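Remarks on the structure that follows.
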Amino acid sequence: MNKKFRSGIVIFVLALLFILLILMGGRRHRYGWAKEPKGRIAVVTIMAGDAHYKWNTDDEKDIYYFLKILKSACNYIEENVARYGGSIEFIHSGNCDDKRLIKNKDFDAELSGEVHDTEAVDEFLNGEEMTAERKALMKEQKCRGIIYLFYINAPEGYPYPGTTYMWMQPSDPEDEFSLLYAHMKNEEISAAIVAHEMLHCFGLPDLYAQDPDGSYPLVTKEYVTHLKEIDSDDIMFSVYSGRARDRYEIPQSFSDTDAYFAGLLRKCDDAEEFGLGKPIYFR
Ligand SMILES: [Zn+2]
């Protein structure tokens, strides 16, 4: 092999690595690590304790309620994906007795309160034990992605703004995690909230606000205004519980726009009319 040819190969490999790094970096700012809404996805429930609130694991009442909510959220996504011709199946501790699907984990960090220190969660998920468990779970249960839901025992009258969060895992392409609170300021956790957060894992953006710094420019200001004007019941626009009979029912709609961002529809009228960005699945 001559020298020129060898250095050509080295340059080619370096260029390839560089492109790969850029692609991976670009995806960091997007939801959708759990990939397209299809196939089998595991939902791991973590009853999380933090510096302020812990769970009393002897009392199974709360766990029962949460699993009922989770089941309703999973059914909602499965049914709506099927309506658009797709097929997704969730396994969670409500329908599968794999012990790895639910666990208790107490953190010293602050997961509730005004500042959310999620570094501890990142560390936990990327630690040796959970990394090995994730690989085994995916292989043995034949899953293509995992969603981690950290359920926090915030009490009634929890004083902080009523918000749950979905985070992208920066280092692993197969999972995302969300912090969910048993109670929020004016709201209890509901199936609609859990479904909304889970849908972020499949690339669906929030439709109620445009990202002010433009790092997530899928939704235009005009579209946000339009949805407000028509009092939209889209699940990515509002999870307001006033519409529901109880916290297990999800009256919100899964719209063509949601199906478009989930990669289930190639085109949708609103995307064209309001100049919405491209879903992460179409390039
Ligand atoms: Zn959201």
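Chain labels A, B, ... are given in the sequence in which chains occur in the structure tokens; within each chain residues are numbered consecutively from 1, and ligands are likewise numbered from 1 in the order shown.
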Per-residue nearest contacts of chain A to ligand 1 (7 Å; only C-alpha atoms and all ligand atoms) as a Markdown table:
```
| residue | atom | partner | partner_atom_place_in_ligand_line | distance |
| --- | --- | --- | --- | --- |
| A:Tyr165 | CA | ligand 1 | 1 (Zn) | 7.0 |
| A:His196 | CA | ligand 1 | 1 (Zn) | 6.2 |
| A:Glu197 | CA | ligand 1 | 1 (Zn) | 5.7 |
| A:His200 | CA | ligand 1 | 1 (Zn) | 6.6 |
| A:Pro205 | CA | ligand 1 | 1 (Zn) | 6.8 |
| A:Asp206 | CA | ligand 1 | 1 (Zn) | 4.7 |
| A:Met236 | CA | ligand 1 | 1 (Zn) | 6.5 |
```
Sel. of strand (DSSP E or B) residues, segment 88-269 of chain A, as a VMD selection string | chain A and resid 88 to 91 102 to 106 145 to 152 165 to 168 175 to 181 183 188 234 253
Name the residues of segment 15-193 of chain A that fall into helix (DSSP H, G or I) according to DSSP on the backbone, using the chain letters and numbers of this document, as a short mmCIF file (atom, residue, chain, number, x, y, z; two decimals) with C-alpha atoms, in the first residue's frame.
```
data_model
loop_
_atom_site.label_atom_id
_atom_site.label_comp_id
_atom_site.auth_asym_id
_atom_site.auth_seq_id
_atom_site.Cartn_x
_atom_site.Cartn_y
_atom_site.Cartn_z
CA ALA A 15 -13.94 13.03 7.82
CA LEU A 16 -16.51 10.29 8.44
CA LEU A 17 -16.02 10.53 12.21
CA PHE A 18 -16.35 14.30 12.03
CA ILE A 19 -19.66 14.07 10.13
CA LEU A 20 -20.91 11.48 12.62
CA LEU A 21 -20.05 13.76 15.55
CA ILE A 22 -21.89 16.68 13.96
CA LEU A 23 -24.95 14.50 13.35
CA MET A 24 -24.93 13.25 16.94
CA GLY A 25 -24.44 16.78 18.27
CA GLY A 26 -27.35 18.02 16.17
CA ARG A 27 -29.65 15.41 17.61
CA LYS A 61 -51.57 2.77 46.84
CA ASP A 62 -49.61 5.50 45.06
CA ILE A 63 -47.81 3.00 42.88
CA TYR A 64 -51.13 1.48 41.92
CA TYR A 65 -52.55 4.87 40.89
CA PHE A 66 -49.49 5.76 38.90
CA LEU A 67 -49.47 2.45 37.04
CA LYS A 68 -53.12 2.94 36.15
CA ILE A 69 -52.30 6.38 34.75
CA LEU A 70 -49.31 5.00 32.87
CA LYS A 71 -51.39 2.20 31.37
CA SER A 72 -53.95 4.70 30.11
CA ALA A 73 -51.18 6.86 28.57
CA CYS A 74 -49.64 3.84 26.83
CA ASN A 75 -53.03 2.73 25.47
CA TYR A 76 -53.68 6.23 24.17
CA ILE A 77 -50.41 6.29 22.22
CA GLU A 78 -50.84 2.72 20.93
CA GLU A 79 -54.39 3.43 19.70
CA ASN A 80 -53.55 6.73 18.04
CA VAL A 81 -50.46 5.38 16.32
CA ALA A 82 -52.62 2.51 15.01
CA ARG A 83 -55.19 5.03 13.72
CA LYS A 99 -38.73 -6.78 37.73
CA ARG A 100 -36.52 -4.30 35.90
CA LEU A 101 -39.56 -2.27 34.80
CA GLU A 119 -26.97 15.50 36.81
CA ALA A 120 -27.53 12.83 39.43
CA VAL A 121 -30.18 11.22 37.21
CA ASP A 122 -27.81 11.30 34.23
CA GLU A 123 -25.09 9.73 36.33
CA PHE A 124 -27.43 7.04 37.61
CA LEU A 125 -28.73 6.13 34.14
CA ASN A 126 -25.27 6.10 32.62
CA GLU A 128 -22.30 0.74 35.07
CA GLU A 129 -25.24 -1.00 36.70
CA MET A 130 -28.01 0.72 34.74
CA THR A 131 -26.06 0.55 31.48
CA ALA A 132 -25.73 -3.22 31.85
CA GLU A 133 -29.37 -3.51 32.86
CA ARG A 134 -30.53 -1.41 29.91
CA LYS A 135 -28.65 -3.59 27.45
CA ALA A 136 -30.00 -6.78 29.00
CA LEU A 137 -33.55 -5.46 29.16
CA MET A 138 -33.52 -4.38 25.51
CA LYS A 139 -32.08 -7.68 24.37
CA GLU A 140 -34.22 -9.98 26.48
CA ALA A 191 -52.71 10.20 32.06
CA ALA A 192 -52.78 13.14 29.63
CA ILE A 193 -49.63 14.61 31.20
#
```
Give me the residues within 8 Å of segment 257-263 of chain A as a ChimeraX atom specification, counting only C-alpha atoms and dropping any in the same chain fewer than 3 places off.
-> /A:36-37,81,84,202-205,236,254,266-268,270-271,278-282
Determine, counting only C-alpha atoms, which protein, DNA and RNA residues have an atom within 7 Å of an atom of Val43 of chain A; residues of the same chain fewer than 5 positions away are not included. Present the result as a compact mmCIF listing (two decimals) with C-alpha atoms, in the first residue's frame.
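Result file follows (part.txt):
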```txt
# COMPACT_ATOMS: atom_id res chain seq x y z
CA PHE A 90 -45.36 -0.66 25.29
CA ILE A 91 -44.24 -2.94 28.04
CA HIS A 92 -44.34 -1.58 31.58
CA LEU A 101 -39.56 -2.27 34.80
CA ILE A 146 -36.58 2.68 26.69
CA ILE A 147 -38.39 5.55 28.34
CA TYR A 148 -37.52 6.22 31.99
```
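The environment of Glu222 of chain A within 10 Å, counting only C-alpha atoms and disregarding residues fewer than 6 places along the same chain, consists of Gln210, Lys228, Glu273, Phe274, Gly275 and Leu276 of chain A.
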For the residues selected in the previous step, produce a file with C-alpha atoms as an mmCIF file, in the first residue's frame.
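That gives us out12.cif:
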```
data_model
loop_
_atom_site.group_PDB
_atom_site.id
_atom_site.type_symbol
_atom_site.label_atom_id
_atom_site.label_comp_id
_atom_site.auth_asym_id
_atom_site.auth_seq_id
_atom_site.Cartn_x
_atom_site.Cartn_y
_atom_site.Cartn_z
ATOM 1 C CA GLN A 210 -42.126 28.576 20.334
ATOM 2 C CA LYS A 228 -54.810 29.436 21.061
ATOM 3 C CA GLU A 273 -50.080 26.466 6.030
ATOM 4 C CA PHE A 274 -48.060 27.532 9.075
ATOM 5 C CA GLY A 275 -44.575 26.690 7.837
ATOM 6 C CA LEU A 276 -43.795 24.149 10.548
#
```
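Compared by their closest atoms to Glu176 of chain A, and using only C-alpha atoms, the residues A:Asp246, A:Ile41, A:Ile102, A:Leu218 rank with A:Ile41 nearest.
The closest residue to Trp55 of chain A, picked from A:Asp98, A:Ser93, A:Asp117, A:Asn153 and counting only C-alpha atoms, is A:Asn153.
Computed from the coordinates, the atom CA of Ser241 of chain A to atom CA of Gly49 of chain A distance equals 25.8 Å.
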So what do you get for atom CA of Gln141 of chain A versus atom CA of Lys103 of chain A, distance-wise?
-> 17.1 Å
Using only C-alpha atoms, which residue out of A:Val44, A:Ala209, A:Ala244, A:Leu179 lies closest to Gly145 of chain A?
-> A:Val44
